[in-house]
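Read through the structure below, which is laid out as structure tokens, and then see the notes.
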Amino acid sequence: MPVNLQDYQKKEYDVECDGRTTKLKPIKVWTLAPKGRKGVVIGLFKCPNGKTIRKSIGKIEP
DNA sequence: GTAATTGA
DNA sequence: TCAATTAC
């Protein structure tokens with residue numbers, strides 16, 4: 001089924017914060033893909049420790 | 001290197 | 001302005 005960025009926004013993902021795996025909702029999501037090639041969906045997460053990290057949370061086909 | 005995004 | 005994110 002088709003999945004859009006809003007769907008990624010609502011789910012939670014396991015991210016490594018400060019050596020601890022935490023489930024977080026992404027602050028922001030976008031696709032990262034070179035022209036004509038497949039790419040990934042990047043999520044931006046705010047860790048409990050205050051650090052902001054990016055993580056791939058999905059794959060995108062051209 | 002390329003792609004978009006933003007914290008640092 | 002750069003690092004970092006993924007995978008090709």
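Chain labels run A, B, ... following the order of the structure tokens; each chain numbers its residues from 1, and ligands are numbered from 1 in the order shown.
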### Message
as a PyMOL selection string, could you give me every residue of chain B near chain A (at most 6 Å apart, counting only C-alpha atoms (C1' of nucleotides))?
### Response
chain B and resi 2-4
Within 10 Å of chain A: each chain C residue with its shortest pair, only C-alpha atoms (C1' of nucleotides), as a tab-separated table:
residue	atom	partner	partner_atom	distance
C:DA4	C1'	A:Arg54	CA	7.2
C:DT5	C1'	A:Arg54	CA	5.4
C:DT6	C1'	A:Val40	CA	6.1
C:DA7	C1'	A:Gly39	CA	7.1
C:DC8	C1'	A:Arg37	CA	7.8
Same residues, N, CA and C atoms (P, O5', C5', C4', C3', O3' and C1' of nucleotides), output as a PDB file, in the first residue's frame:
ATOM      1  P    DA C   4      30.011  14.076  11.368  1.00  0.00           P
ATOM      2  O5'  DA C   4      28.536  13.480  11.140  1.00  0.00           O
ATOM      3  C5'  DA C   4      27.515  13.781  12.061  1.00  0.00           C
ATOM      4  C4'  DA C   4      26.193  13.436  11.437  1.00  0.00           C
ATOM      5  C3'  DA C   4      26.226  12.134  10.635  1.00  0.00           C
ATOM      6  O3'  DA C   4      25.459  11.151  11.324  1.00  0.00           O
ATOM      7  C1'  DA C   4      25.060  13.865   9.479  1.00  0.00           C
ATOM      8  P    DT C   5      25.616   9.579  10.960  1.00  0.00           P
ATOM      9  O5'  DT C   5      24.216   9.241  10.309  1.00  0.00           O
ATOM     10  C5'  DT C   5      23.035   9.874  10.768  1.00  0.00           C
ATOM     11  C4'  DT C   5      22.014   9.885   9.655  1.00  0.00           C
ATOM     12  C3'  DT C   5      22.183   8.765   8.639  1.00  0.00           C
ATOM     13  O3'  DT C   5      21.298   7.697   8.969  1.00  0.00           O
ATOM     14  C1'  DT C   5      21.554  10.854   7.643  1.00  0.00           C
ATOM     15  P    DT C   6      21.743   6.168   8.797  1.00  0.00           P
ATOM     16  O5'  DT C   6      21.497   5.812   7.264  1.00  0.00           O
ATOM     17  C5'  DT C   6      20.195   5.378   6.844  1.00  0.00           C
ATOM     18  C4'  DT C   6      20.173   5.279   5.335  1.00  0.00           C
ATOM     19  C3'  DT C   6      20.977   4.098   4.780  1.00  0.00           C
ATOM     20  O3'  DT C   6      20.049   3.236   4.165  1.00  0.00           O
ATOM     21  C1'  DT C   6      21.370   6.113   3.555  1.00  0.00           C
ATOM     22  P    DA C   7      20.580   1.689   3.775  1.00  0.00           P
ATOM     23  O5'  DA C   7      20.934   1.796   2.220  1.00  0.00           O
ATOM     24  C5'  DA C   7      19.944   2.271   1.320  1.00  0.00           C
ATOM     25  C4'  DA C   7      20.574   2.510  -0.026  1.00  0.00           C
ATOM     26  C3'  DA C   7      21.583   1.434  -0.421  1.00  0.00           C
ATOM     27  O3'  DA C   7      21.621   1.347  -1.820  1.00  0.00           O
ATOM     28  C1'  DA C   7      22.644   3.437  -0.436  1.00  0.00           C
ATOM     29  P    DC C   8      21.304  -0.117  -2.490  1.00  0.00           P
ATOM     30  O5'  DC C   8      21.159   0.385  -3.984  1.00  0.00           O
ATOM     31  C5'  DC C   8      20.643   1.695  -4.244  1.00  0.00           C
ATOM     32  C4'  DC C   8      21.651   2.527  -5.003  1.00  0.00           C
ATOM     33  C3'  DC C   8      22.566   1.710  -5.907  1.00  0.00           C
ATOM     34  O3'  DC C   8      22.596   2.302  -7.164  1.00  0.00           O
ATOM     35  C1'  DC C   8      23.761   3.320  -4.788  1.00  0.00           C
TER      36       DC C   8
END
### Query
Would you give me, as a ChimeraX atom specification, the residues in chain A that DSSP reads as strand (DSSP E or B)?
/A:13-17,20-24,28-32,39-46,52-60
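Of note, CA of Lys10 in chain A and CA of Pro48 in chain A are spaced 18.4 Å apart.
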### Message
Which residues are near DA8 in chain B? Cut-off 10 Å, only C-alpha atoms (C1' of nucleotides), ignore same chain within fewer than 2 positions. Put them as a ChimeraX atom specification.
### Response
/A:52 /B:6 /C:2-3
Just to be explicit: take each residue in the selection above, keep N, CA and C atoms (P, O5', C5', C4', C3', O3' and C1' of nucleotides), and write the result as a short mmCIF file (atom, residue, chain, number, x, y, z; two decimals), in the first residue's frame.
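Generated file (part.cif):
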data_model
loop_
_atom_site.label_atom_id
_atom_site.label_comp_id
_atom_site.auth_asym_id
_atom_site.auth_seq_id
_atom_site.Cartn_x
_atom_site.Cartn_y
_atom_site.Cartn_z
N THR A 52 19.58 16.28 18.91
CA THR A 52 18.75 16.02 17.73
C THR A 52 19.51 15.11 16.78
P DT B 6 13.75 21.71 8.10
"O5'" DT B 6 14.88 21.72 9.21
"C5'" DT B 6 15.08 20.57 10.03
"C4'" DT B 6 16.35 20.73 10.81
"C3'" DT B 6 16.53 22.12 11.45
"O3'" DT B 6 17.20 21.93 12.68
"C1'" DT B 6 18.40 21.60 10.19
P DC C 2 31.30 25.06 4.33
"O5'" DC C 2 31.25 23.88 5.41
"C5'" DC C 2 31.73 24.15 6.71
"C4'" DC C 2 31.39 23.02 7.64
"C3'" DC C 2 31.37 21.64 6.99
"O3'" DC C 2 31.91 20.73 7.92
"C1'" DC C 2 29.25 22.10 7.92
P DA C 3 32.13 19.18 7.56
"O5'" DA C 3 31.05 18.47 8.51
"C5'" DA C 3 31.08 18.75 9.90
"C4'" DA C 3 30.05 17.90 10.62
"C3'" DA C 3 30.03 16.44 10.21
"O3'" DA C 3 29.70 15.68 11.34
"C1'" DA C 3 27.96 17.45 9.62
#
### Message
According to DSSP computed on the backbone, where in chain A is there alpha helix (DSSP H)? Give the residues as a PyMOL selection string.
### Response
chain A and resi 5-10
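Between CA of Val3 in chain A and CA of Arg20 in chain A the separation is 28.4 Å.
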### Contact residues around Asp14 in chain A with only C-alpha atoms (C1' of nucleotides) at 9 Å, ignoring same-chain residues under 2 positions, as a PyMOL selection string
chain A and resi 12+16+21-24
### Å distance separating C1' of DT1 in chain C from C1' of DG7 in chain B, one decimal place
12.1 Å
